[in-house]
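*Asks:* Handing over model-v9.tsv, TSV, C-alpha atoms.
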chain	number	residue	atom	x	y	z
M	27	MET	CA	-8.08	16.39	18.73
M	28	ARG	CA	-4.65	17.87	18.35
M	29	TRP	CA	-3.06	18.01	14.94
M	30	VAL	CA	0.52	18.64	13.87
M	31	ASP	CA	1.01	21.12	11.04
M	32	TRP	CA	3.68	18.88	9.58
M	33	TYR	CA	5.57	21.37	7.39
M	34	GLY	CA	4.53	24.45	9.33
M	35	ASP	CA	2.81	25.93	6.28
M	36	GLY	CA	-0.70	24.54	6.48
M	37	SER	CA	-0.27	22.04	3.66
M	38	LEU	CA	-0.47	18.85	5.70
M	39	PHE	CA	-2.08	18.25	9.08
M	40	VAL	CA	-1.34	15.00	10.84
M	41	LEU	CA	-3.22	13.43	13.73
M	42	ASP	CA	-1.47	10.79	15.78
M	43	ILE	CA	-3.57	8.10	17.42
M	44	ALA	CA	-1.00	7.35	20.05
M	45	LEU	CA	-1.47	3.84	21.35
M	46	ALA	CA	1.96	2.49	22.26
M	47	CYS	CA	5.73	2.81	21.78
M	48	CYS	CA	5.55	3.95	18.14
M	49	VAL	CA	4.22	7.28	19.37
M	50	LEU	CA	7.72	8.14	20.57
M	51	GLU	CA	8.97	7.85	17.01
M	52	PHE	CA	6.10	10.04	15.85
M	53	ASP	CA	7.08	12.64	18.42
M	54	ALA	CA	10.67	12.45	17.24
M	55	ALA	CA	9.62	12.97	13.63
M	56	ALA	CA	7.22	15.85	14.28
M	57	ARG	CA	8.95	19.19	14.20
M	58	PHE	CA	6.01	21.27	15.38
M	59	ALA	CA	3.76	20.98	18.38
M	60	ALA	CA	0.22	19.74	17.99
M	61	GLY	CA	-2.78	22.02	18.20
M	62	PRO	CA	-6.40	22.29	17.18
M	63	LEU	CA	-7.22	22.02	13.46
M	64	PRO	CA	-7.53	25.44	11.83
M	65	PRO	CA	-9.88	26.08	8.90
M	66	LEU	CA	-8.44	24.28	5.88
M	67	ASP	CA	-8.08	25.53	2.35
M	68	ASP	CA	-8.79	23.23	-0.57
M	69	ARG	CA	-5.23	22.11	-1.16
M	70	ALA	CA	-4.54	21.13	2.45
M	71	GLN	CA	-4.29	17.44	3.21
M	72	VAL	CA	-4.97	15.57	6.39
M	73	ALA	CA	-3.45	12.33	7.54
M	74	VAL	CA	-4.11	10.07	10.48
M	75	VAL	CA	-1.24	7.99	11.82
M	76	ILE	CA	-2.06	5.00	14.00
M	77	SER	CA	0.99	4.38	16.17
M	78	GLY	CA	1.06	1.33	18.35
M	79	THR	CA	-0.78	-1.84	19.24
M	80	VAL	CA	-4.52	-1.88	18.59
M	81	THR	CA	-6.33	-3.95	21.21
M	82	ASP	CA	-9.75	-5.45	20.60
M	83	ARG	CA	-11.19	-3.22	23.29
M	84	LEU	CA	-9.84	-0.02	21.75
M	85	ALA	CA	-10.26	-0.86	18.07
M	86	PRO	CA	-13.82	0.53	17.75
M	87	ALA	CA	-12.66	3.77	19.37
M	88	VAL	CA	-9.84	4.09	16.83
M	89	ALA	CA	-12.30	3.57	13.98
M	90	ALA	CA	-14.61	6.18	15.50
M	91	ILE	CA	-11.76	8.69	15.74
M	92	VAL	CA	-10.86	8.25	12.07
M	93	ASP	CA	-14.53	8.76	11.12
M	94	GLY	CA	-14.58	11.84	13.31
M	95	CYS	CA	-11.49	13.16	11.52
M	96	GLU	CA	-13.22	12.88	8.19
M	97	GLN	CA	-16.16	14.90	9.46
M	98	LEU	CA	-13.98	17.49	11.14
M	99	ALA	CA	-11.66	18.03	8.19
M	100	GLY	CA	-14.32	17.74	5.51
M	101	ARG	CA	-12.22	15.31	3.52
M	102	ARG	CA	-11.12	11.71	3.81
M	103	PRO	CA	-7.81	11.54	5.66
M	104	VAL	CA	-4.89	9.49	4.45
M	105	VAL	CA	-4.66	6.59	6.90
M	106	ILE	CA	-1.15	5.44	7.78
M	107	SER	CA	-0.56	2.34	9.83
M	108	PHE	CA	2.71	3.06	11.60
M	109	GLY	CA	4.74	0.17	12.89
M	110	ALA	CA	4.33	-3.57	12.99
M	111	CYS	CA	1.56	-3.65	15.60
M	112	ALA	CA	-0.77	-1.32	13.74
M	113	SER	CA	-0.06	-3.08	10.45
M	114	SER	CA	-0.72	-6.67	11.42
M	115	GLY	CA	-0.60	-7.07	15.17
M	116	GLY	CA	3.18	-7.26	14.93
M	117	PRO	CA	4.89	-9.42	17.55
M	118	TYR	CA	1.59	-9.54	19.45
M	119	TRP	CA	-0.46	-11.01	16.61
M	120	ASP	CA	-1.08	-14.16	18.62
M	121	SER	CA	-2.42	-12.38	21.71
M	122	TYR	CA	-5.94	-12.96	22.97
M	123	SER	CA	-6.61	-9.23	23.04
M	124	VAL	CA	-4.84	-7.72	20.04
M	125	THR	CA	-6.45	-6.85	16.73
M	126	LYS	CA	-4.34	-8.16	13.88
M	127	GLY	CA	-3.81	-4.80	12.28
M	128	ILE	CA	-6.04	-1.77	12.09
M	129	ASP	CA	-6.85	-2.72	8.49
M	130	GLN	CA	-9.33	-5.19	9.96
M	131	LEU	CA	-11.56	-2.18	10.61
M	132	LEU	CA	-10.41	0.61	8.31
M	133	ALA	CA	-8.98	1.07	4.86
M	134	VAL	CA	-5.27	1.80	5.26
M	135	ASP	CA	-3.38	3.76	2.62
M	136	ALA	CA	0.18	3.07	3.71
M	137	TYR	CA	1.79	0.50	5.97
M	138	VAL	CA	5.11	1.42	7.55
M	139	ALA	CA	7.21	-1.51	8.74
M	140	GLY	CA	9.35	-1.35	11.81
M	141	CYS	CA	9.35	-2.09	15.46
M	142	PRO	CA	9.41	0.79	15.90
M	143	PRO	CA	10.09	2.39	12.52
M	144	PRO	CA	12.68	5.15	12.69
M	145	PRO	CA	11.31	8.71	12.54
M	146	GLU	CA	12.77	9.05	9.04
M	147	ALA	CA	10.39	6.34	7.83
M	148	LEU	CA	7.39	8.40	8.90
M	149	SER	CA	8.83	11.57	7.38
M	150	ALA	CA	9.43	9.73	4.12
M	151	VAL	CA	5.89	8.38	3.93
M	152	LEU	CA	4.38	11.77	4.73
M	153	ASP	CA	6.61	13.40	2.11
M	154	GLU	CA	5.13	10.99	-0.42
M	155	VAL	CA	1.60	11.72	0.75
M	156	ALA	CA	2.21	15.44	0.43
M	157	GLY	CA	3.66	14.95	-3.02
M	158	ARG	CA	7.01	16.36	-2.03
M	159	VAL	CA	8.96	13.39	-3.30
M	160	ALA	CA	9.15	12.05	-6.83
M	161	SER	CA	8.05	8.49	-5.98
Z	18	MET	CA	5.59	-14.07	52.35
Z	19	THR	CA	2.84	-14.94	54.79
Z	20	GLU	CA	0.32	-17.59	53.80
Z	21	VAL	CA	-3.21	-16.66	54.82
Z	22	SER	CA	-6.38	-18.71	54.49
Z	23	PRO	CA	-9.26	-17.27	52.45
Z	24	GLN	CA	-11.33	-16.91	55.62
Z	25	GLU	CA	-8.67	-14.76	57.33
Z	26	TRP	CA	-7.72	-12.73	54.25
Z	27	LEU	CA	-9.78	-9.59	54.89
Z	28	ALA	CA	-9.02	-9.56	58.63
Z	29	ALA	CA	-5.28	-9.91	57.94
Z	30	VAL	CA	-5.29	-6.94	55.56
Z	31	GLU	CA	-7.32	-4.81	57.98
Z	32	SER	CA	-5.03	-5.57	60.89
Z	33	LEU	CA	-1.91	-4.77	58.84
Z	34	LYS	CA	-3.42	-1.46	57.83
Z	35	ALA	CA	-4.15	-0.69	61.48
Z	36	ASP	CA	-0.47	-1.48	62.23
Z	37	GLY	CA	0.69	1.27	59.91
Z	38	PHE	CA	0.93	-0.62	56.60
Z	39	ASP	CA	-1.38	1.79	54.90
Z	40	TYR	CA	0.11	1.95	51.36
Z	41	PHE	CA	-1.42	-0.59	48.98
Z	42	ASP	CA	1.23	-1.60	46.46
Z	43	TRP	CA	-0.22	-4.35	44.26
Z	44	LEU	CA	-2.39	-7.43	44.12
Z	45	GLY	CA	-1.72	-10.17	41.63
Z	46	CYS	CA	-2.19	-13.83	40.96
Z	47	VAL	CA	-0.06	-16.83	40.01
Z	48	ASP	CA	-1.38	-20.02	38.48
Z	49	GLU	CA	0.38	-22.79	40.38
Z	50	ILE	CA	-0.82	-25.59	38.12
Z	51	GLY	CA	1.81	-28.25	37.80
Z	52	ARG	CA	3.09	-27.59	41.31
Z	53	GLN	CA	-0.17	-27.34	43.22
Z	54	ASP	CA	-3.70	-27.30	41.94
Z	55	CYS	CA	-4.40	-23.74	43.04
Z	56	LEU	CA	-4.38	-20.08	42.10
Z	57	ARG	CA	-2.24	-18.05	44.45
Z	58	VAL	CA	-3.41	-14.47	45.03
Z	59	VAL	CA	-0.57	-12.28	46.30
Z	60	LEU	CA	-0.88	-8.84	47.88
Z	61	VAL	CA	1.89	-6.43	48.86
Z	62	ILE	CA	1.34	-3.52	51.21
Z	63	ARG	CA	3.91	-1.14	52.59
Z	64	ASN	CA	4.57	0.96	55.63
Z	65	VAL	CA	5.79	4.14	54.01
Z	66	GLY	CA	6.68	5.77	57.30
Z	67	GLN	CA	9.08	3.04	58.33
Z	68	GLY	CA	11.38	3.00	55.32
Z	69	ALA	CA	8.84	1.33	53.00
Z	70	GLU	CA	8.91	-1.94	54.90
Z	71	LEU	CA	6.59	-4.30	53.11
Z	72	ARG	CA	4.36	-7.22	53.87
Z	73	MET	CA	3.47	-9.84	51.29
Z	74	LEU	CA	0.35	-11.90	51.85
Z	75	SER	CA	-0.49	-14.94	49.82
Z	76	CYS	CA	-3.69	-16.96	49.64
Z	77	SER	CA	-4.13	-20.22	47.76
Z	78	LEU	CA	-7.49	-20.76	46.12
Z	79	PRO	CA	-8.78	-23.92	44.43
Z	80	ARG	CA	-8.65	-23.58	40.63
Z	81	SER	CA	-12.14	-24.92	40.20
Z	82	ALA	CA	-13.86	-22.37	42.47
Z	83	PRO	CA	-11.55	-19.47	43.33
Z	84	ARG	CA	-13.41	-17.01	45.58
Z	85	LEU	CA	-11.90	-14.45	47.90
Z	86	ASP	CA	-13.14	-11.46	49.86
Z	87	THR	CA	-12.48	-8.11	48.27
Z	88	VAL	CA	-10.09	-5.74	50.02
Z	89	SER	CA	-11.38	-2.72	48.11
Z	90	GLY	CA	-13.24	-1.65	51.23
Z	91	VAL	CA	-9.88	-1.32	53.00
Z	92	PHE	CA	-7.89	0.04	50.06
Z	93	ALA	CA	-10.03	1.53	47.31
Z	94	GLY	CA	-7.16	1.25	44.85
Z	95	ALA	CA	-7.24	-2.52	45.11
Z	96	ALA	CA	-10.40	-2.56	43.02
Z	97	TRP	CA	-8.53	-2.21	39.72
Z	98	HIS	CA	-6.07	-4.95	40.60
Z	99	GLU	CA	-8.87	-7.26	41.63
Z	100	ARG	CA	-10.81	-6.58	38.44
Z	101	GLU	CA	-7.74	-7.46	36.42
Z	102	VAL	CA	-7.15	-10.69	38.35
Z	103	ALA	CA	-10.85	-11.54	38.08
Z	104	GLU	CA	-11.01	-11.23	34.32
Z	105	LEU	CA	-7.63	-12.78	33.51
Z	106	PHE	CA	-7.64	-15.65	36.03
Z	107	GLY	CA	-11.31	-16.15	36.77
Z	108	VAL	CA	-11.11	-15.34	40.49
Z	109	GLU	CA	-14.33	-14.07	42.05
Z	110	PHE	CA	-13.87	-11.28	44.59
Z	111	ILE	CA	-16.86	-11.41	46.91
Z	112	GLY	CA	-18.37	-7.99	47.37
Z	113	GLY	CA	-16.05	-6.42	44.85
Z	114	ASP	CA	-16.51	-4.67	41.55
Z	115	HIS	CA	-17.33	-7.28	38.91
Z	116	ARG	CA	-16.90	-5.07	35.86
Z	117	ARG	CA	-14.39	-5.95	33.19
Z	118	LEU	CA	-11.25	-3.84	33.12
Z	119	LEU	CA	-9.20	-4.53	30.01
Z	120	LEU	CA	-11.00	-7.17	27.98
Z	121	SER	CA	-13.99	-6.50	25.79
Z	122	PRO	CA	-17.37	-7.57	27.16
Z	123	GLU	CA	-17.79	-10.42	24.64
Z	124	PHE	CA	-14.47	-12.01	25.50
Z	125	GLU	CA	-14.70	-15.49	26.93
Z	126	GLY	CA	-12.01	-17.32	28.78
Z	127	THR	CA	-9.37	-16.69	31.41
Z	128	PRO	CA	-6.29	-16.00	29.32
Z	129	LEU	CA	-3.61	-15.95	32.00
Z	130	ARG	CA	-4.31	-19.42	33.34
Z	131	LYS	CA	-1.56	-21.71	32.17
Z	132	ASP	CA	-3.90	-24.26	30.66
Z	133	GLU	CA	-5.49	-21.66	28.38
Z	134	VAL	CA	-4.02	-22.35	24.99
Z	135	LEU	CA	-2.89	-19.50	22.75
Z	136	ALA	CA	-5.44	-20.26	20.09
Z	137	ALA	CA	-3.96	-18.08	17.38
Z	138	ARG	CA	-0.74	-20.09	17.39
Z	139	THR	CA	-2.50	-23.42	17.19
Z	140	GLY	CA	-4.61	-22.22	14.27
Z	141	MET	CA	-1.85	-20.81	12.09
Z	142	SER	CA	0.47	-23.07	10.21
Z	143	TRP	CA	3.91	-22.51	11.54
Z	144	PRO	CA	6.57	-21.64	8.95
Z	145	GLY	CA	9.19	-23.36	11.07
Z	146	ALA	CA	7.49	-26.74	10.76
Z	147	LYS	CA	8.95	-27.27	7.30
Z	148	GLU	CA	12.20	-29.13	7.02
Z	149	PRO	CA	14.80	-28.18	4.39
Z	150	GLY	CA	13.62	-29.57	1.09
Z	151	GLU	CA	9.91	-29.28	1.92
Z	152	SER	CA	7.27	-26.85	0.78
Z	153	GLU	CA	4.59	-28.10	3.10
Z	154	ALA	CA	5.03	-29.43	6.57
Z	155	SER	CA	4.93	-33.17	6.29
Z	156	PRO	CA	2.49	-35.00	8.51
Z	157	SER	CA	5.22	-37.44	9.41
Z	158	ARG	CA	6.17	-38.19	12.93
Z	159	ARG	CA	9.21	-35.90	12.74
Z	160	ARG	CA	6.94	-32.84	12.75
Z	161	LEU	CA	7.97	-30.11	15.14
Z	162	VAL	CA	5.64	-28.21	17.45
Z	163	PRO	CA	6.29	-24.50	18.06
Z	164	PRO	CA	6.69	-23.03	21.53
Z	165	GLY	CA	3.33	-22.09	23.06
Z	166	VAL	CA	1.38	-24.82	21.28
Z	167	PRO	CA	0.65	-28.00	23.19
Z	168	ASP	CA	1.59	-31.32	21.71
Z	169	PRO	CA	-1.28	-32.26	19.38
Z	170	ALA	CA	-1.70	-35.59	21.12
Z	171	VAL	CA	-2.51	-33.67	24.31
Z	172	TRP	CA	-4.65	-30.85	22.91
Z	173	GLY	CA	-5.89	-30.26	19.42
Z	174	ASP	CA	-5.53	-33.61	17.78
Z	175	ARG	CA	-6.21	-35.87	20.68
Z	176	ASP	CA	-7.36	-39.39	20.12
Z	177	ALA	CA	-11.15	-39.32	20.53
Z	178	ALA	CA	-11.10	-42.50	22.54
Z	179	GLN	CA	-9.07	-40.90	25.31
Z	180	PRO	CA	-10.62	-38.68	28.01
Z	181	PRO	CA	-9.91	-34.94	27.79
Z	182	ALA	CA	-6.43	-33.99	28.89
Z	183	ASP	CA	-5.90	-32.94	32.46
Z	184	PRO	CA	-5.26	-29.14	32.69
Z	185	ALA	CA	-1.85	-29.76	34.22
Z	186	GLU	CA	-0.88	-31.85	31.23
Z	187	VAL	CA	-2.03	-29.15	28.81
Z	188	ALA	CA	-0.16	-26.46	30.74
Z	189	GLU	CA	3.04	-28.45	30.83
Z	190	SER	CA	2.82	-29.32	27.17
Z	191	ALA	CA	2.34	-25.69	26.11
Z	192	VAL	CA	5.39	-24.38	27.91
Z	193	GLY	CA	7.43	-22.44	25.44
Z	194	GLY	CA	11.09	-21.80	25.02
Z	195	ARG	CA	12.22	-24.93	23.29
Z	196	VAL	CA	11.04	-26.36	20.04
Z	197	ARG	CA	10.03	-29.94	20.62
Z	198	ARG	CA	9.48	-32.89	18.40
Z	199	ARG	CA	6.05	-34.37	18.35
Z	200	ARG	CA	5.86	-37.37	20.59
Z	201	THR	CA	4.62	-40.37	18.67
T	13	MET	CA	15.18	-23.25	8.31
T	14	VAL	CA	16.62	-22.29	11.64
T	15	CYS	CA	15.58	-18.68	11.07
T	16	ALA	CA	11.96	-19.63	10.37
T	17	ARG	CA	11.95	-21.89	13.39
T	18	GLU	CA	13.45	-19.38	15.81
T	19	CYS	CA	11.57	-16.28	14.66
T	20	PRO	CA	9.30	-15.31	17.56
T	21	SER	CA	6.82	-13.60	15.23
T	22	TRP	CA	6.67	-16.37	12.59
T	23	CYS	CA	7.42	-13.82	9.91
T	24	ILE	CA	9.82	-15.85	7.75
T	25	SER	CA	8.42	-18.30	5.20
T	26	ILE	CA	10.70	-20.69	3.36
T	27	ASN	CA	9.72	-23.20	0.70
T	28	SER	CA	12.15	-25.55	-0.92
T	29	HIS	CA	12.25	-28.81	-2.78
T	30	THR	CA	14.83	-31.49	-3.44
T	31	GLU	CA	16.39	-32.23	-6.79
T	32	PRO	CA	18.64	-35.10	-7.72
T	33	ILE	CA	22.23	-34.19	-8.49
T	34	SER	CA	22.88	-34.98	-12.13
T	35	ASP	CA	26.60	-35.10	-12.80
T	36	LEU	CA	27.79	-37.96	-10.67
T	37	PRO	CA	30.10	-40.84	-11.60
T	38	PRO	CA	28.09	-43.78	-12.94
T	39	THR	CA	28.59	-46.04	-9.94
T	40	ALA	CA	27.61	-43.45	-7.30
T	41	ARG	CA	24.30	-43.78	-5.50
T	42	GLU	CA	21.62	-41.16	-6.17
T	43	ARG	CA	22.08	-37.96	-4.17
T	44	THR	CA	19.78	-34.98	-3.84
T	45	ARG	CA	20.26	-31.35	-3.04
T	46	ASN	CA	17.87	-28.75	-1.62
T	47	VAL	CA	16.70	-25.97	-3.91
T	48	LEU	CA	15.20	-22.80	-2.47
T	49	ASP	CA	11.83	-21.85	-3.97
T	50	ARG	CA	10.70	-19.07	-1.73
T	51	PHE	CA	12.19	-16.94	1.00
T	52	ALA	CA	9.79	-14.28	2.20
T	53	ILE	CA	9.70	-12.02	5.22
T	54	ASP	CA	6.48	-10.35	6.28
T	55	TRP	CA	7.82	-7.03	7.49
T	56	SER	CA	4.52	-6.19	9.12
T	57	LEU	CA	5.17	-8.96	11.66
T	58	CYS	CA	8.93	-8.59	11.97
T	59	MET	CA	10.03	-6.96	15.18
T	60	TYR	CA	13.66	-6.50	14.07
T	61	CYS	CA	14.98	-8.57	16.94
T	62	GLY	CA	17.85	-10.04	14.90
T	63	ILE	CA	17.45	-13.62	16.15
T	64	CYS	CA	17.35	-14.87	12.56
T	65	VAL	CA	20.62	-13.12	11.72
T	66	GLU	CA	22.32	-14.53	14.82
T	67	GLU	CA	21.00	-18.06	14.47
T	68	CYS	CA	21.78	-18.71	10.81
T	69	PRO	CA	24.56	-21.27	10.78
T	70	PHE	CA	25.65	-20.13	7.32
T	71	ASP	CA	25.55	-16.36	7.93
T	72	ALA	CA	23.12	-16.03	5.06
T	73	LEU	CA	21.29	-13.07	6.64
T	74	GLU	CA	22.78	-9.72	7.51
T	75	TRP	CA	21.64	-6.34	8.76
T	76	VAL	CA	21.31	-3.56	6.20
T	77	GLY	CA	20.96	0.14	6.98
T	78	ASP	CA	18.18	0.97	4.51
T	79	LEU	CA	14.63	1.78	5.54
T	80	THR	CA	12.06	-0.89	4.80
T	81	GLN	CA	9.88	0.40	1.98
T	82	PRO	CA	6.32	1.19	3.05
T	83	GLY	CA	3.62	-0.94	1.49
T	84	SER	CA	0.04	-0.58	0.46
T	85	GLY	CA	-2.53	-3.32	0.46
T	86	SER	CA	-2.78	-5.92	3.15
T	87	ASP	CA	0.11	-7.95	1.72
T	88	GLY	CA	2.10	-4.85	0.94
T	89	LEU	CA	4.82	-5.55	3.44
T	90	VAL	CA	5.56	-9.14	2.47
T	91	GLU	CA	8.89	-9.12	0.68
T	92	GLU	CA	9.68	-12.04	-1.60
T	93	MET	CA	13.42	-12.32	-1.68
T	94	VAL	CA	13.90	-15.19	-4.10
T	95	GLN	CA	13.28	-14.56	-7.75
T	96	PRO	CA	12.06	-17.63	-9.66
T	97	PRO	CA	14.50	-18.76	-12.35
T	98	SER	CA	13.58	-17.15	-15.64
Translate this structure into structure tokens?
*Replies:*
Amino acid sequence: MRWVDWYGDGSLFVLDIALACCVLEFDAAARFAAGPLPPLDDRAQVAVVISGTVTDRLAPAVAAIVDGCEQLAGRRPVVISFGACASSGGPYWDSYSVTKGIDQLLAVDAYVAGCPPPPEALSAVLDEVAGRVAS
Amino acid sequence: MTEVSPQEWLAAVESLKADGFDYFDWLGCVDEIGRQDCLRVVLVIRNVGQGAELRMLSCSLPRSAPRLDTVSGVFAGAAWHEREVAELFGVEFIGGDHRRLLLSPEFEGTPLRKDEVLAARTGMSWPGAKEPGESEASPSRRRLVPPGVPDPAVWGDRDAAQPPADPAEVAESAVGGRVRRRRT
Amino acid sequence: MVCARECPSWCISINSHTEPISDLPPTARERTRNVLDRFAIDWSLCMYCGICVEECPFDALEWVGDLTQPGSGSDGLVEEMVQPPS
């Protein structure tokens, strides 16, 4: 897996599960390139962002990746459902092959609305996760 | 577009390839219900050397038993297209790869046929069914049906005394784009 | 209700009821008016297409430049836009 060191200082590592169009907004929001996860100190946080439509065929794989993240990082990641499709199926909720939101399989900590959400929305949510904003 | 019979399908593709049309472009399917009772499998191959001239072959298969020879022996890349058509339309490609491509193994149904109803829409109560001044959609005869959902008298709430609706009737009734009033 | 009807994602929910109009001249027949009870948009379904804004015959909806607030909980992104009368 390839993680983005979001602030460049080792305080927050973010993994993007890049499924569909929302990944472009993730790429626009990320200021650093992704790389392998370095050893973490106690204060470091990890977050997993699910960007894009979750299909029934891929949903178990997404759940497995998030479980894998928890084992790799040694702590439970903050799960962010980015965009309408990941939050509830979005405009494709009625499709025969789309899971109505990744929260059908995982506990989600934050839902970001948008189709796609602007990059600033992701930055704002991650700032809150990292405690950099008085919320 | 050249119409080919199912018996001549493989031979037609092989002879076109021998004539220099050796680039497989795509293979797809159209459900012609409402116009003809068939599934039309369409294949496009190109002659890249001659300015990408293309040939389009079409084969009409009966909707009840659509079977066609696989062309994956001629063009290996056709296997993916045939798997997709097989799982979404229910066409059987004789001698081809029968594995699922995009749908999960437990999935049942042929979603891209026009008489397959979008079940999620029929199950959910549509917010647009309420008229101004209502908090619940009234069961009166002025009730509206959303696009994509067949008229309940055709599918869903059909009178038990009537025989099941003909697939063409279901397909026509589910056509979206315009909100329609329920026929009484 | 045009917005709720035209929304392709079915994300707008509107509830309303009718109330009789009280101050009418004594000989007038009874008339009613519609009262809005609930206007909610589920932002997790909304695809920001703008059809609702275009279709409203009364221009009741408009685009705003703010970010939609993130939510938590499975109903976190449903925004109730009508406050009940206190």
*Asks:* What's the 6 Å shell around Ser77 (chain Z), counting all atoms listed in the file, without same-chain residues fewer than 4 positions away, as a ChimeraX atom specification?
*Replies:* /Z:55-57
*Asks:* For the selection just defined, write its residues with C-alpha atoms to a file, as a tab-separated table (two decimals), in the frame of the given file.
*Replies:*
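Heads up, here's the output in selection_9.tsv:
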chain	number	residue	atom	x	y	z
Z	55	CYS	CA	-4.40	-23.74	43.04
Z	56	LEU	CA	-4.38	-20.08	42.10
Z	57	ARG	CA	-2.24	-18.05	44.45
*Asks:* Using only C-alpha atoms - which residues lie no farther than 6 Å from the point (9.9, -17.8, 3.5) in the file's frame? Write them as number ranges by chain.
*Replies:* T: 24-26, 50-52
*Asks:* Output the selection as a compact mmCIF listing (two decimals), keeping the file's coordinate frame - C-alpha atoms for each residue.
*Replies:*
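Once written, selection-v4.txt looks like this:
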# COMPACT_ATOMS: atom_id res chain seq x y z
CA ILE T 24 9.82 -15.85 7.75
CA SER T 25 8.42 -18.30 5.20
CA ILE T 26 10.70 -20.69 3.36
CA ARG T 50 10.70 -19.07 -1.73
CA PHE T 51 12.19 -16.94 1.00
CA ALA T 52 9.79 -14.28 2.20
*Asks:* Find the spatial neighbours of Gly83 (chain T), counting only C-alpha atoms, within a cut-off of 8 Å - ignore same-chain residues fewer than 6 positions away - and output them as a list in words.
*Replies:* Ala136, Tyr137 and Val138 of chain M; Leu89 of chain T
*Asks:* Those residues with C-alpha atoms, as an mmCIF file, in the frame of the given file please?
*Replies:*
data_model
loop_
_atom_site.group_PDB
_atom_site.id
_atom_site.type_symbol
_atom_site.label_atom_id
_atom_site.label_comp_id
_atom_site.auth_asym_id
_atom_site.auth_seq_id
_atom_site.Cartn_x
_atom_site.Cartn_y
_atom_site.Cartn_z
ATOM 1 C CA ALA M 136 0.180 3.070 3.710
ATOM 2 C CA TYR M 137 1.790 0.500 5.970
ATOM 3 C CA VAL M 138 5.110 1.420 7.550
ATOM 4 C CA LEU T 89 4.820 -5.550 3.440
#
*Asks:* Using all atoms listed in the file, can you tell me which of Z:Gln24, Z:Ser32, Z:Ser121, Z:Thr87 comes closest to chain M?
*Replies:* Z:Ser121
*Asks:* Mind giving me the straight-line distance from CA of Phe41 (chain Z) to CA of Met18 (chain Z) in Å, one decimal?
*Replies:* 15.6 Å
*Asks:* Report, as AutoDock Vina command-line options, the centre and edge lengths in Å (one decimal) of the axis-aligned box enclosing every listed atom of region 60-66 of chain T, padded by 5 Å on each side.
*Replies:*
--center_x 18.0 --center_y -10.7 --center_z 14.3 --size_x 18.7 --size_y 18.4 --size_z 15.2
*Asks:* Residues of chain M no more than 12 Å from chain Z, counting only C-alpha atoms: send them over as a ChimeraX atom specification.
*Replies:* /M:81-86,115,118-126
*Asks:* Store the residues picked out above in a file with C-alpha atoms, as an mmCIF file, keeping the file's coordinate frame.
*Replies:*
data_model
loop_
_atom_site.group_PDB
_atom_site.id
_atom_site.type_symbol
_atom_site.label_atom_id
_atom_site.label_comp_id
_atom_site.auth_asym_id
_atom_site.auth_seq_id
_atom_site.Cartn_x
_atom_site.Cartn_y
_atom_site.Cartn_z
ATOM 1 C CA THR M 81 -6.330 -3.950 21.210
ATOM 2 C CA ASP M 82 -9.750 -5.450 20.600
ATOM 3 C CA ARG M 83 -11.190 -3.220 23.290
ATOM 4 C CA LEU M 84 -9.840 -0.020 21.750
ATOM 5 C CA ALA M 85 -10.260 -0.860 18.070
ATOM 6 C CA PRO M 86 -13.820 0.530 17.750
ATOM 7 C CA GLY M 115 -0.600 -7.070 15.170
ATOM 8 C CA TYR M 118 1.590 -9.540 19.450
ATOM 9 C CA TRP M 119 -0.460 -11.010 16.610
ATOM 10 C CA ASP M 120 -1.080 -14.160 18.620
ATOM 11 C CA SER M 121 -2.420 -12.380 21.710
ATOM 12 C CA TYR M 122 -5.940 -12.960 22.970
ATOM 13 C CA SER M 123 -6.610 -9.230 23.040
ATOM 14 C CA VAL M 124 -4.840 -7.720 20.040
ATOM 15 C CA THR M 125 -6.450 -6.850 16.730
ATOM 16 C CA LYS M 126 -4.340 -8.160 13.880
#
*Asks:* Go through M:Ile76, M:Cys47, M:Val134, M:Ala156 and flag the residue nearest Ser84 (chain T), using all atoms listed in the file for the distances.
*Replies:*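 Smallest distance to Ser84 (chain T) is found for M:Val134.
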